[in-house]
$ cat final23.cif   # mmCIF, C-alpha atoms
data_query
#
loop_
_atom_site.label_atom_id
_atom_site.label_comp_id
_atom_site.auth_asym_id
_atom_site.auth_seq_id
_atom_site.Cartn_x
_atom_site.Cartn_y
_atom_site.Cartn_z
CA MET H 19 0.00 0.00 0.00
CA SER H 20 3.01 2.34 0.18
CA GLY H 21 3.62 2.44 -3.59
CA PRO H 22 1.93 4.69 -6.13
CA SER H 23 -0.93 2.25 -6.59
CA ALA H 24 -3.23 1.09 -3.84
CA GLY H 25 -3.14 -2.34 -5.43
CA GLY H 26 -3.88 -5.22 -3.11
CA LEU H 27 -6.86 -3.55 -1.50
CA ARG H 28 -9.67 -6.07 -1.24
CA VAL H 29 -12.99 -5.59 0.52
CA ALA H 30 -14.89 -8.80 1.11
CA GLY H 31 -18.31 -8.63 2.76
CA THR H 32 -18.18 -5.67 5.14
CA PRO H 33 -18.09 -2.33 3.26
CA VAL H 34 -16.07 -0.55 5.97
CA ALA H 35 -12.46 0.65 5.84
CA TYR H 36 -10.04 2.73 7.89
CA PHE H 37 -7.11 4.32 6.02
CA ARG H 38 -4.44 6.25 7.90
CA GLY H 39 -0.92 7.46 7.28
CA GLU H 40 1.26 10.39 6.24
CA ASP H 41 0.94 9.87 2.48
CA ALA H 42 -1.88 12.18 1.36
CA PHE H 43 -1.73 10.95 -2.24
CA GLY H 44 -1.86 7.29 -1.22
CA LEU H 45 -4.91 7.93 0.96
CA GLU H 46 -6.81 9.59 -1.88
CA ARG H 47 -5.94 6.79 -4.30
CA ALA H 48 -7.18 4.23 -1.80
CA VAL H 49 -10.54 6.01 -1.40
CA ILE H 50 -11.02 6.07 -5.19
CA GLU H 51 -10.14 2.39 -5.47
CA LEU H 52 -12.47 1.49 -2.61
CA ALA H 53 -15.35 3.32 -4.30
CA GLY H 54 -14.68 1.32 -7.45
CA GLN H 55 -14.57 -2.01 -5.65
CA LEU H 56 -17.77 -1.46 -3.69
CA GLY H 57 -19.79 -0.32 -6.69
CA PRO H 58 -21.15 -2.37 -9.59
CA PRO H 59 -18.68 -3.13 -12.42
CA GLY H 60 -17.72 0.10 -14.12
CA GLN H 61 -19.88 2.18 -11.77
CA PRO H 62 -18.03 3.29 -8.62
CA LEU H 63 -19.89 4.53 -5.58
CA GLU H 64 -20.39 8.27 -5.24
CA VAL H 65 -17.94 9.61 -2.67
CA TRP H 66 -19.42 11.93 -0.05
CA ASP H 67 -16.94 13.57 2.35
CA ALA H 68 -17.71 14.46 5.93
CA SER H 69 -15.47 16.24 8.43
CA MET H 70 -15.64 18.62 11.34
CA GLU H 71 -13.80 21.18 9.21
CA ASP H 72 -16.81 21.36 6.90
CA HIS H 73 -18.81 22.83 9.79
CA ALA H 74 -16.09 25.16 11.10
CA GLY H 75 -17.95 28.12 9.59
CA ASP H 76 -21.31 27.35 11.19
CA ALA H 77 -23.32 30.20 12.64
CA ALA H 78 -22.09 31.91 15.78
CA GLY H 79 -23.11 30.05 18.90
CA SER H 80 -22.71 26.65 17.30
CA THR H 81 -20.70 24.64 19.80
CA ALA H 82 -18.38 21.75 18.98
CA ALA H 83 -20.96 19.35 20.44
CA ARG H 84 -23.64 20.68 18.10
CA ARG H 85 -21.33 20.39 15.13
CA ARG H 86 -20.54 16.80 16.06
CA ASP H 87 -24.24 16.01 16.40
CA ARG H 88 -25.00 17.59 13.04
CA ILE H 89 -22.25 15.82 11.14
CA VAL H 90 -22.96 12.41 12.66
CA GLY H 91 -26.63 12.90 11.79
CA GLU H 92 -25.68 13.61 8.16
CA ILE H 93 -23.52 10.48 8.07
CA GLU H 94 -26.39 8.39 9.45
CA THR H 95 -28.77 9.79 6.83
CA ARG H 96 -26.42 9.12 3.94
CA LEU H 97 -25.73 5.56 5.01
CA ALA H 98 -29.40 4.80 5.69
CA THR H 99 -30.44 5.87 2.19
CA ALA H 100 -30.45 2.66 0.16
CA PRO H 101 -29.76 3.07 -3.56
CA LEU H 102 -32.66 2.17 -5.89
CA PHE H 103 -30.82 2.53 -9.18
CA GLY H 104 -27.12 2.62 -9.96
CA GLY H 105 -24.38 2.81 -7.38
CA GLY H 106 -24.70 3.86 -3.77
CA THR H 107 -22.65 6.22 -1.62
CA LEU H 108 -19.24 5.83 -0.03
CA VAL H 109 -19.33 8.04 3.06
CA THR H 110 -15.77 9.18 3.77
CA VAL H 111 -15.23 10.55 7.28
CA ARG H 112 -12.02 12.58 7.21
CA GLN H 113 -9.98 13.24 10.34
CA PRO H 114 -12.50 11.44 12.61
CA GLU H 115 -10.56 12.13 15.82
CA PRO H 116 -12.52 15.32 16.76
CA ILE H 117 -15.81 13.39 16.52
CA LEU H 118 -14.44 10.60 18.72
CA ARG H 119 -13.59 12.97 21.57
CA GLU H 120 -17.20 13.15 22.80
CA SER H 121 -18.74 9.93 24.10
CA ALA H 122 -22.25 10.28 22.62
CA ALA H 123 -20.97 11.10 19.11
CA ARG H 124 -18.34 8.36 19.39
CA ASP H 125 -20.94 5.74 20.32
CA ARG H 126 -23.18 6.71 17.41
CA LEU H 127 -20.27 6.57 14.99
CA LEU H 128 -19.11 3.17 16.23
CA ARG H 129 -22.64 1.76 15.90
CA LEU H 130 -22.61 2.78 12.24
CA VAL H 131 -19.53 0.64 11.67
CA GLU H 132 -21.63 -2.45 12.42
CA THR H 133 -24.71 -1.43 10.41
CA VAL H 134 -23.54 -0.19 6.98
CA PRO H 135 -26.05 -1.55 4.44
CA MET H 136 -24.84 -3.32 1.33
CA GLY H 137 -24.76 -0.94 -1.61
CA ASN H 138 -23.19 1.82 0.48
CA GLY H 139 -19.82 2.09 2.15
CA LEU H 140 -18.12 3.79 5.11
CA CYS H 141 -14.48 4.82 5.05
CA PHE H 142 -12.48 6.66 7.71
CA VAL H 143 -9.46 8.61 6.46
CA GLU H 144 -6.84 9.94 8.87
CA LEU H 145 -3.97 12.02 7.46
CA LEU H 146 -1.52 11.72 10.32
CA ALA H 147 0.77 14.45 11.55
CA ALA H 148 4.35 14.50 10.31
CA SER H 149 5.34 12.40 13.34
CA GLY H 150 3.31 9.50 11.97
CA ARG H 151 1.58 8.86 15.30
CA ALA H 152 -2.13 8.12 15.23
CA PRO H 153 -4.27 10.07 17.77
CA ALA H 154 -5.02 7.99 20.86
CA ALA H 155 -8.76 8.53 20.41
CA THR H 156 -8.72 6.61 17.11
CA THR H 157 -7.62 3.34 18.73
CA VAL H 158 -11.21 2.43 19.55
CA LEU H 159 -12.20 3.18 15.96
CA ALA H 160 -9.56 0.86 14.53
CA GLU H 161 -10.70 -1.88 16.91
CA ALA H 162 -14.33 -1.43 15.85
CA VAL H 163 -13.47 -1.61 12.13
CA GLN H 164 -11.35 -4.70 12.68
CA HIS H 165 -14.10 -6.36 14.77
CA ALA H 166 -16.64 -5.66 12.00
CA GLY H 167 -14.41 -7.37 9.44
CA GLY H 168 -13.47 -4.14 7.70
CA VAL H 169 -10.20 -3.19 6.05
CA ILE H 170 -7.43 -1.29 7.87
CA ARG H 171 -4.49 0.02 5.83
CA GLU H 172 -1.45 2.14 6.66
CA PHE H 173 0.02 4.63 4.17
CA PRO H 174 3.53 5.77 5.11
CA VAL H 175 5.34 8.33 2.97
CA PRO H 176 8.05 6.80 0.76
CA SER H 177 11.43 7.32 2.37
CA ARG H 178 14.13 9.41 0.71
CA GLU H 179 15.76 6.14 -0.46
CA ARG H 180 12.53 5.01 -2.15
CA MET H 181 11.11 8.27 -3.51
CA GLU H 182 12.97 8.12 -6.82
CA ALA H 183 11.70 4.58 -7.45
CA TRP H 184 8.19 5.71 -6.51
CA ILE H 185 8.37 8.48 -9.11
CA ALA H 186 9.55 6.05 -11.78
CA VAL H 187 6.66 3.67 -11.10
CA ARG H 188 4.08 6.44 -10.96
CA GLY H 189 5.49 7.87 -14.20
CA LYS H 190 4.73 4.61 -15.98
CA GLU H 191 1.18 4.65 -14.58
CA VAL H 192 0.47 8.08 -16.08
CA GLY H 193 2.19 7.22 -19.37
CA VAL H 194 5.43 9.14 -18.80
CA THR H 195 8.75 7.76 -20.00
CA LEU H 196 11.52 9.23 -17.87
CA GLY H 197 14.94 9.49 -19.45
CA PRO H 198 18.30 9.15 -17.66
CA GLY H 199 18.51 11.40 -14.62
CA ALA H 200 14.96 12.77 -14.97
CA ALA H 201 13.48 10.87 -12.03
CA ARG H 202 16.43 11.82 -9.84
CA LEU H 203 16.17 15.53 -10.66
CA LEU H 204 12.42 15.50 -10.08
CA THR H 205 13.02 13.87 -6.70
CA GLU H 206 15.50 16.63 -5.86
CA ARG H 207 13.12 19.39 -6.99
CA ILE H 208 10.30 18.23 -4.70
CA GLY H 209 12.62 17.78 -1.71
CA GLY H 210 12.65 13.99 -1.76
CA TYR H 211 16.30 13.78 -0.70
CA VAL H 212 16.01 16.04 2.33
CA ARG H 213 17.37 14.13 5.32
CA GLU H 214 16.09 16.16 8.25
CA GLY H 215 13.30 14.60 10.31
CA ASP H 216 11.46 17.87 10.94
CA VAL H 217 10.38 18.20 7.28
CA ASP H 218 6.69 17.68 6.51
CA ARG H 219 6.68 15.07 3.71
CA ARG H 220 2.94 14.36 3.67
CA ARG H 221 2.30 16.13 0.36
CA GLN H 222 5.48 15.10 -1.48
CA THR H 223 3.92 12.25 -3.46
CA GLU H 224 0.95 14.49 -4.23
CA LEU H 225 3.33 17.13 -5.57
CA ALA H 226 5.29 14.55 -7.56
CA ASP H 227 2.09 13.27 -9.16
CA ARG H 228 1.07 16.79 -10.22
CA GLU H 229 4.46 17.38 -11.82
CA LEU H 230 4.30 14.03 -13.63
CA GLN H 231 0.84 14.86 -14.96
CA LYS H 232 2.20 18.18 -16.23
CA LEU H 233 5.19 16.50 -17.88
CA ALA H 234 2.85 13.96 -19.51
CA LEU H 235 0.98 16.81 -21.18
CA TYR H 236 4.25 18.41 -22.30
CA ARG H 237 5.53 15.29 -24.08
CA PRO H 238 2.57 12.92 -24.54
CA ASP H 239 4.42 10.61 -26.91
CA GLY H 240 8.03 11.25 -26.05
CA THR H 241 10.63 10.76 -23.35
CA ILE H 242 10.94 13.27 -20.52
CA THR H 243 14.56 14.35 -20.30
CA ARG H 244 16.46 15.77 -17.38
CA GLN H 245 16.45 19.12 -19.19
CA ASP H 246 12.64 19.02 -19.41
CA VAL H 247 12.44 18.59 -15.64
CA ALA H 248 14.93 21.42 -15.09
CA GLU H 249 12.87 23.80 -17.25
CA LEU H 250 9.34 22.84 -16.15
CA VAL H 251 9.53 21.78 -12.49
CA ALA H 252 9.99 24.57 -9.97
CA GLU H 253 12.04 23.81 -6.89
CA ALA H 254 9.81 23.08 -3.90
CA VAL H 255 12.30 21.84 -1.32
CA PRO H 256 10.73 22.18 2.13
CA GLY H 257 12.51 24.15 4.82
CA SER H 258 14.15 22.43 7.75
CA ALA H 259 14.88 24.23 11.00
CA TRP H 260 17.39 21.53 11.98
CA ALA H 261 19.35 21.92 8.75
CA PHE H 262 19.24 25.71 9.13
CA LEU H 263 20.62 25.64 12.67
CA ASP H 264 23.35 23.18 11.67
CA ALA H 265 24.32 25.43 8.75
CA VAL H 266 24.58 28.42 11.09
CA GLY H 267 26.50 26.40 13.68
CA SER H 268 28.93 25.19 11.01
CA ARG H 269 29.23 28.73 9.61
CA ARG H 270 28.08 27.69 6.13
CA ALA H 271 26.67 31.06 5.13
CA ALA H 272 25.49 30.09 1.64
CA ASP H 273 23.56 27.04 2.90
CA ALA H 274 22.12 29.00 5.82
CA THR H 275 20.89 31.73 3.46
CA ILE H 276 19.09 29.25 1.19
CA LEU H 277 17.55 27.38 4.14
CA ALA H 278 16.41 30.64 5.72
CA GLU H 279 14.64 31.58 2.48
CA ARG H 280 12.81 28.25 2.47
CA LEU H 281 11.73 28.59 6.09
CA LEU H 282 10.50 32.13 5.50
CA ALA H 283 8.65 30.93 2.40
CA ASP H 284 6.97 28.32 4.62
CA ALA H 285 5.73 31.23 6.81
CA VAL H 286 7.99 30.44 9.77
CA PRO H 287 8.02 33.68 11.84
CA VAL H 288 11.39 35.38 12.25
CA PRO H 289 10.98 35.59 16.07
CA VAL H 290 10.70 31.78 16.13
CA LEU H 291 13.92 31.46 14.14
CA VAL H 292 15.60 33.98 16.42
CA ALA H 293 14.62 31.95 19.50
CA GLN H 294 15.97 28.75 17.94
CA LEU H 295 19.18 30.50 16.90
CA HIS H 296 19.65 31.87 20.41
CA ARG H 297 19.43 28.38 21.92
CA ARG H 298 21.94 26.99 19.43
CA LEU H 299 24.44 29.85 19.84
CA ARG H 300 24.13 29.68 23.62
CA GLU H 301 24.94 25.94 23.46
CA LEU H 302 27.92 26.64 21.23
CA ALA H 303 29.18 29.32 23.62
CA ILE H 304 29.04 26.85 26.53
CA VAL H 305 30.75 24.12 24.49
CA ARG H 306 33.39 26.59 23.31
CA ASP H 307 34.10 27.47 26.93
CA HIS H 308 34.46 23.77 27.81
CA LEU H 309 36.78 23.17 24.87
CA ASP H 310 38.97 26.11 25.88
CA SER H 311 39.24 24.66 29.37
CA GLY H 312 40.21 21.22 28.02
CA THR H 313 36.86 19.45 28.54
CA ARG H 314 36.16 17.14 25.60
CA GLY H 315 34.63 13.82 24.61
CA PRO H 316 32.95 11.85 27.42
CA ALA H 317 33.70 14.58 29.95
CA LEU H 318 31.80 17.11 27.82
CA MET H 319 28.90 14.68 27.41
CA ARG H 320 28.64 14.32 31.19
CA ALA H 321 29.03 18.03 31.88
CA MET H 322 26.27 19.04 29.42
CA ARG H 323 24.22 15.83 29.60
CA LEU H 324 24.41 15.27 25.85
CA GLN H 325 24.02 12.20 23.69
CA PRO H 326 27.23 11.14 21.88
CA TYR H 327 26.10 12.23 18.39
CA ARG H 328 24.88 15.62 19.54
CA ALA H 329 28.00 16.21 21.62
CA GLN H 330 30.18 15.45 18.60
CA LYS H 331 28.18 17.80 16.34
CA LEU H 332 28.32 20.66 18.84
CA GLN H 333 32.07 20.18 19.35
CA GLU H 334 32.65 20.33 15.60
CA GLN H 335 30.53 23.46 15.27
CA ALA H 336 31.93 25.23 18.32
CA ALA H 337 35.47 24.71 16.99
CA ARG H 338 34.56 27.00 14.08
CA TRP H 339 33.80 29.93 16.39
CA THR H 340 35.89 32.14 18.61
CA PRO H 341 34.37 33.40 21.86
CA GLU H 342 34.41 36.92 20.38
CA ALA H 343 32.55 35.79 17.26
CA LEU H 344 29.88 34.10 19.38
CA ARG H 345 29.43 37.28 21.43
CA ASP H 346 29.07 39.27 18.22
CA ALA H 347 26.51 36.79 16.91
CA LEU H 348 24.43 36.95 20.09
CA ASP H 349 24.58 40.76 20.17
CA GLY H 350 23.46 40.95 16.54
CA LEU H 351 20.73 38.41 17.22
CA MET H 352 19.37 40.50 20.08
CA GLU H 353 19.26 43.54 17.82
CA LEU H 354 17.54 41.51 15.09
CA ASP H 355 14.95 40.32 17.59
CA LEU H 356 14.19 43.89 18.61
CA THR H 357 13.97 45.19 15.05
CA SER H 358 11.68 42.29 14.05
CA LYS H 359 9.28 43.59 16.71
CA GLY H 360 9.60 47.22 15.65
CA ILE H 361 11.84 48.25 18.56
CA THR H 362 15.17 50.04 18.29
CA LEU H 363 18.11 49.71 20.66
CA ASP H 364 17.23 53.01 22.36
CA GLY H 365 13.70 51.75 23.10
CA SER H 366 11.83 53.78 20.49
CA THR H 367 9.44 52.13 18.05
CA ARG H 368 9.61 51.91 14.29
CA GLN H 369 7.26 50.39 11.78
CA MET H 370 8.51 47.10 10.39
CA SER H 371 7.38 44.87 7.55
CA PRO H 372 7.90 41.14 6.89
CA ALA H 373 10.17 42.00 3.96
CA ARG H 374 12.45 44.20 6.09
CA THR H 375 12.52 41.62 8.85
CA ALA H 376 13.51 38.91 6.37
CA LEU H 377 16.22 41.22 5.02
CA GLY H 378 17.46 41.76 8.57
CA LEU H 379 17.84 38.02 9.07
CA GLN H 380 19.77 37.64 5.82
CA GLN H 381 22.05 40.56 6.75
CA TRP H 382 22.72 38.97 10.12
CA LEU H 383 23.63 35.69 8.42
CA ALA H 384 25.97 37.41 5.96
CA GLU H 385 27.70 39.59 8.57
CA VAL H 386 27.95 37.12 11.46
CA ILE H 387 28.54 33.64 10.08
CA GLY H 388 30.44 34.39 6.88
CA PRO H 389 33.48 32.08 6.71
CA THR H 390 35.95 34.96 6.27
CA ARG H 391 34.61 37.04 9.14
CA ALA H 392 37.07 37.41 12.00
CA GLY H 393 35.70 37.63 15.50
CA ARG H 394 35.96 40.96 17.23
CA SER H 395 35.12 41.91 20.76
CA SER H 396 31.64 43.19 21.41
CA SER H 397 33.11 46.22 23.15
CA ALA H 398 34.57 47.27 19.79
CA GLN H 399 31.14 47.28 18.18
CA THR H 400 30.23 50.92 17.96
CA GLY H 401 27.23 52.37 16.22
CA ALA H 402 29.41 52.91 13.13
CA ASP H 403 30.33 49.23 13.11
CA ARG H 404 26.70 48.09 12.73
CA PRO H 405 24.87 50.51 10.46
CA ALA H 406 23.22 47.86 8.29
CA ILE H 407 20.97 46.27 10.89
CA ARG H 408 20.14 49.60 12.51
CA SER H 409 19.03 51.03 9.19
CA LEU H 410 16.40 48.32 8.69
CA GLY H 411 13.86 50.28 10.70
CA ALA H 412 14.49 53.49 8.85
#

$ encode --input "final23.cif" --output "structure tokens"
Amino acid sequence: MSGPSAGGLRVAGTPVAYFRGEDAFGLERAVIELAGQLGPPGQPLEVWDASMEDHAGDAAGSTAARRRDRIVGEIETRLATAPLFGGGTLVTVRQPEPILRESAARDRLLRLVETVPMGNGLCFVELLAASGRAPAATTVLAEAVQHAGGVIREFPVPSRERMEAWIAVRGKEVGVTLGPGAARLLTERIGGYVREGDVDRRRQTELADRELQKLALYRPDGTITRQDVAELVAEAVPGSAWAFLDAVGSRRAADATILAERLLADAVPVPVLVAQLHRRLRELAIVRDHLDSGTRGPALMRAMRLQPYRAQKLQEQAARWTPEALRDALDGLMELDLTSKGITLDGSTRQMSPARTALGLQQWLAEVIGPTRAGRSSSAQTGADRPAIRSLGA
């Protein structure tokens, strides 16, 4: 079930299913396939979606309990309506966890699992968070579906090692012939090779499918080359806060600049980045102090209560900084934090914009972590030394 096709899905007897996982594209394919299997040959069931989000805009005064009652009532009505001609209805309950929080709505929903009439179907779809952990409230739902003889399927996102193969298989399904290097470049463009665990990969296969459909229209009877991908597929590599902090810690200014742009494009607020940067720089300052005093290896791990891998990474990064450079970085970060909130160093206020704040972050990166920058004492930083950041509020 983790490949491009939901092949292998079989529903025998009970028309109930529970699909969950991080792969948004795989979940949608499974719903379509289920509708086809439950309906007469060549006539899939009509899919009717239900979710609490559909009622988020209800009239003022509508409580969550009322919204649950209304949506469960609609589900009951749809399932109770037996088809007279043609196919029936596949009721798809998306993100059922909010309905399961309240006991009365949960009991009604679980009763429906046991009483779905033939000709209709009931499918629960749970797009999990990036962590891949199912909400605790859905455990009882999975048990009810299993007890009723329904189908339960998991849809993990293809790993970075398998994404290129996934694209090649899906390309064949949509009639695309990918030439040498094309699948690899497409994988790179959608962020399939990003290693960091804080990246949200849930829509990567969905994005890859859209790009393949576009390429299929571009060359319906030909081979998609690597050059075609380079010209037609825009880069959509997701931002990673971990990668960004490591780039700053390692003083890789070019990488940090690119990663900062991606995070800002993903609407990560600058104050959040500033807080994360402060924690990392503070850790590096402490490690730098330990290194200067001769504390290394296991002794450093014990002193700072660090795991071996993290201790090694911080030692490597701290070795690239002088104490003076770290003080400069923290001073500049404090000023950036103030300017991002419209406050100057003398306490007065100035109007700021997201564009100026983003520019301030990029200036800080260029001035503080550039590989050729020599550390200087913070006491030597006069107003003339730091005109660029101060002028952001002008």

$ closest_atom_pairs --input "final23.cif" --of "segment 103-166 of chain H" --to "segment 62-65 of chain H" --cutoff "6 Å" --atoms "all atoms listed in the file" --output "JSON lines"
{"residue": "H:Gly105", "atom": "CA", "partner": "H:Leu63", "partner_atom": "CA", "distance": 5.1}
{"residue": "H:Gly106", "atom": "CA", "partner": "H:Leu63", "partner_atom": "CA", "distance": 5.2}
{"residue": "H:Thr107", "atom": "CA", "partner": "H:Glu64", "partner_atom": "CA", "distance": 4.7}
{"residue": "H:Leu108", "atom": "CA", "partner": "H:Val65", "partner_atom": "CA", "distance": 4.8}

$ resolve_selection --input "final23.cif" --expression "the PyMOL selection byres ((chain H and resi 95) around 12)" --output "list of chain:residue names"
H:Trp66, H:Arg88, H:Ile89, H:Val90, H:Gly91, H:Glu92, H:Ile93, H:Glu94, H:Arg96, H:Leu97, H:Ala98, H:Thr99, H:Ala100, H:Thr107, H:Val109, H:Leu130, H:Val134, H:Pro135, H:Asn138

$ residues_around --input "final23.cif" --residues "Ala83 of chain H" --least-positions-apart "6" --cutoff "12 Å" --atoms "only C-alpha atoms" --output "NGL selection string"
:H and (70 or 73 or 89-90 or 116-124)

$ residues_around --input "final23.cif" --residues "Ala376 of chain H" --least-positions-apart "6" --cutoff "9 Å" --atoms "all atoms listed in the file" --output "PyMOL selection string"
chain H and resi 278-279+282+288+358

$ resolve_selection --input "final23.cif" --expression "the PyMOL selection byres ((chain H and resi 206-212) around 10)" --output "tab-separated table (two decimals) with C-alpha atoms, in the frame of the given file"
chain	number	residue	atom	x	y	z
H	176	PRO	CA	8.05	6.80	0.76
H	177	SER	CA	11.43	7.32	2.37
H	178	ARG	CA	14.13	9.41	0.71
H	179	GLU	CA	15.76	6.14	-0.46
H	180	ARG	CA	12.53	5.01	-2.15
H	181	MET	CA	11.11	8.27	-3.51
H	182	GLU	CA	12.97	8.12	-6.82
H	200	ALA	CA	14.96	12.77	-14.97
H	201	ALA	CA	13.48	10.87	-12.03
H	202	ARG	CA	16.43	11.82	-9.84
H	203	LEU	CA	16.17	15.53	-10.66
H	204	LEU	CA	12.42	15.50	-10.08
H	205	THR	CA	13.02	13.87	-6.70
H	213	ARG	CA	17.37	14.13	5.32
H	214	GLU	CA	16.09	16.16	8.25
H	215	GLY	CA	13.30	14.60	10.31
H	216	ASP	CA	11.46	17.87	10.94
H	217	VAL	CA	10.38	18.20	7.28
H	219	ARG	CA	6.68	15.07	3.71
H	221	ARG	CA	2.30	16.13	0.36
H	222	GLN	CA	5.48	15.10	-1.48
H	223	THR	CA	3.92	12.25	-3.46
H	225	LEU	CA	3.33	17.13	-5.57
H	226	ALA	CA	5.29	14.55	-7.56
H	229	GLU	CA	4.46	17.38	-11.82
H	247	VAL	CA	12.44	18.59	-15.64
H	248	ALA	CA	14.93	21.42	-15.09
H	251	VAL	CA	9.53	21.78	-12.49
H	252	ALA	CA	9.99	24.57	-9.97
H	253	GLU	CA	12.04	23.81	-6.89
H	254	ALA	CA	9.81	23.08	-3.90
H	255	VAL	CA	12.30	21.84	-1.32
H	256	PRO	CA	10.73	22.18	2.13
H	257	GLY	CA	12.51	24.15	4.82
H	258	SER	CA	14.15	22.43	7.75
H	261	ALA	CA	19.35	21.92	8.75

$ residues_near_point --input "final23.cif" --point "(19.4, 25.6, 13.2)" --cutoff "10 Å" --atoms "only C-alpha atoms" --output "PyMOL selection string"
chain H and resi 258-268+274+277-278+291-292+294-299

$ closest_residue --input "final23.cif" --among "H:His165, H:Thr241, H:Asp310, H:Lys190" --to "Asp227 of chain H" --atoms "all atoms listed in the file"
H:Lys190

$ atom_distance --input "final23.cif" --atom1 "atom CA of Leu324 of chain H" --atom2 "atom CA of Val305 of chain H"
11.0 Å

$ closest_residue --input "final23.cif" --among "H:Ala160, H:Leu230, H:Leu348, H:Leu354" --to "Val187 of chain H" --atoms "all atoms listed in the file"
H:Leu230

$ atom_distance --input "final23.cif" --atom1 "atom CA of Gly137 of chain H" --atom2 "atom CA of Thr157 of chain H"
26.9 Å

$ atom_distance --input "final23.cif" --atom1 "atom CA of Ala336 of chain H" --atom2 "atom CA of Arg306 of chain H"
5.4 Å

$ resolve_selection --input "final23.cif" --expression "the PyMOL selection byres ((chain H and resi 370) around 7)" --output "VMD selection string"
chain H and resid 358 360 368 to 369 371 to 372 374 to 375 411

$ write_last_selection --input "final23.cif" --atoms "C-alpha atoms" --output "CSV table (one decimal), keeping the file's coordinate frame"
chain,number,residue,atom,x,y,z
H,358,SER,CA,11.7,42.3,14.0
H,360,GLY,CA,9.6,47.2,15.6
H,368,ARG,CA,9.6,51.9,14.3
H,369,GLN,CA,7.3,50.4,11.8
H,371,SER,CA,7.4,44.9,7.6
H,372,PRO,CA,7.9,41.1,6.9
H,374,ARG,CA,12.4,44.2,6.1
H,375,THR,CA,12.5,41.6,8.8
H,411,GLY,CA,13.9,50.3,10.7

$ closest_residue --input "final23.cif" --among "H:Val192, H:Ile170, H:Leu383, H:Leu281" --to "Leu45 of chain H" --atoms "only C-alpha atoms"
H:Ile170

$ closest_residue --input "final23.cif" --among "H:Ala42, H:Val143, H:Val49, H:Leu56" --to "Ala68 of chain H" --atoms "all atoms listed in the file"
H:Val143

$ residues_around --input "final23.cif" --residues "Val175 of chain H" --least-positions-apart "6" --cutoff "8 Å" --atoms "all atoms listed in the file" --output "PyMOL selection string"
chain H and resi 20+39-41+219-220+223

$ residues_around --input "final23.cif" --residues "Ala347 of chain H" --least-positions-apart "3" --cutoff "8 Å" --atoms "all atoms listed in the file" --output "mmCIF file with C-alpha atoms, in the frame of the given file"
data_model
loop_
_atom_site.group_PDB
_atom_site.id
_atom_site.type_symbol
_atom_site.label_atom_id
_atom_site.label_comp_id
_atom_site.auth_asym_id
_atom_site.auth_seq_id
_atom_site.Cartn_x
_atom_site.Cartn_y
_atom_site.Cartn_z
ATOM 1 C CA LEU H 299 24.440 29.850 19.840
ATOM 2 C CA ALA H 343 32.550 35.790 17.260
ATOM 3 C CA LEU H 344 29.880 34.100 19.380
ATOM 4 C CA GLY H 350 23.460 40.950 16.540
ATOM 5 C CA LEU H 351 20.730 38.410 17.220
ATOM 6 C CA VAL H 386 27.950 37.120 11.460
ATOM 7 C CA ILE H 387 28.540 33.640 10.080
#

$ closest_residue --input "final23.cif" --among "H:Asp218, H:Gln330, H:Thr81, H:Glu172" --to "Ala148 of chain H" --atoms "all atoms listed in the file"
H:Asp218

$ axis_aligned_box --input "final23.cif" --around "segment 258-265 of chain H" --padding-each-side "4 Å" --output "AutoDock Vina command-line options"
--center_x 19.2 --center_y 23.6 --center_z 10.2 --size_x 18.2 --size_y 12.2 --size_z 12.9

$ closest_residue --input "final23.cif" --among "H:Leu309, H:Ala303, H:Leu363, H:Leu159" --to "Asp346 of chain H" --atoms "all atoms listed in the file"
H:Ala303

$ residues_around --input "final23.cif" --residues "Gln113 of chain H" --least-positions-apart "5" --cutoff "7 Å" --atoms "all atoms listed in the file" --output "number ranges by chain"
H: 69, 143-145
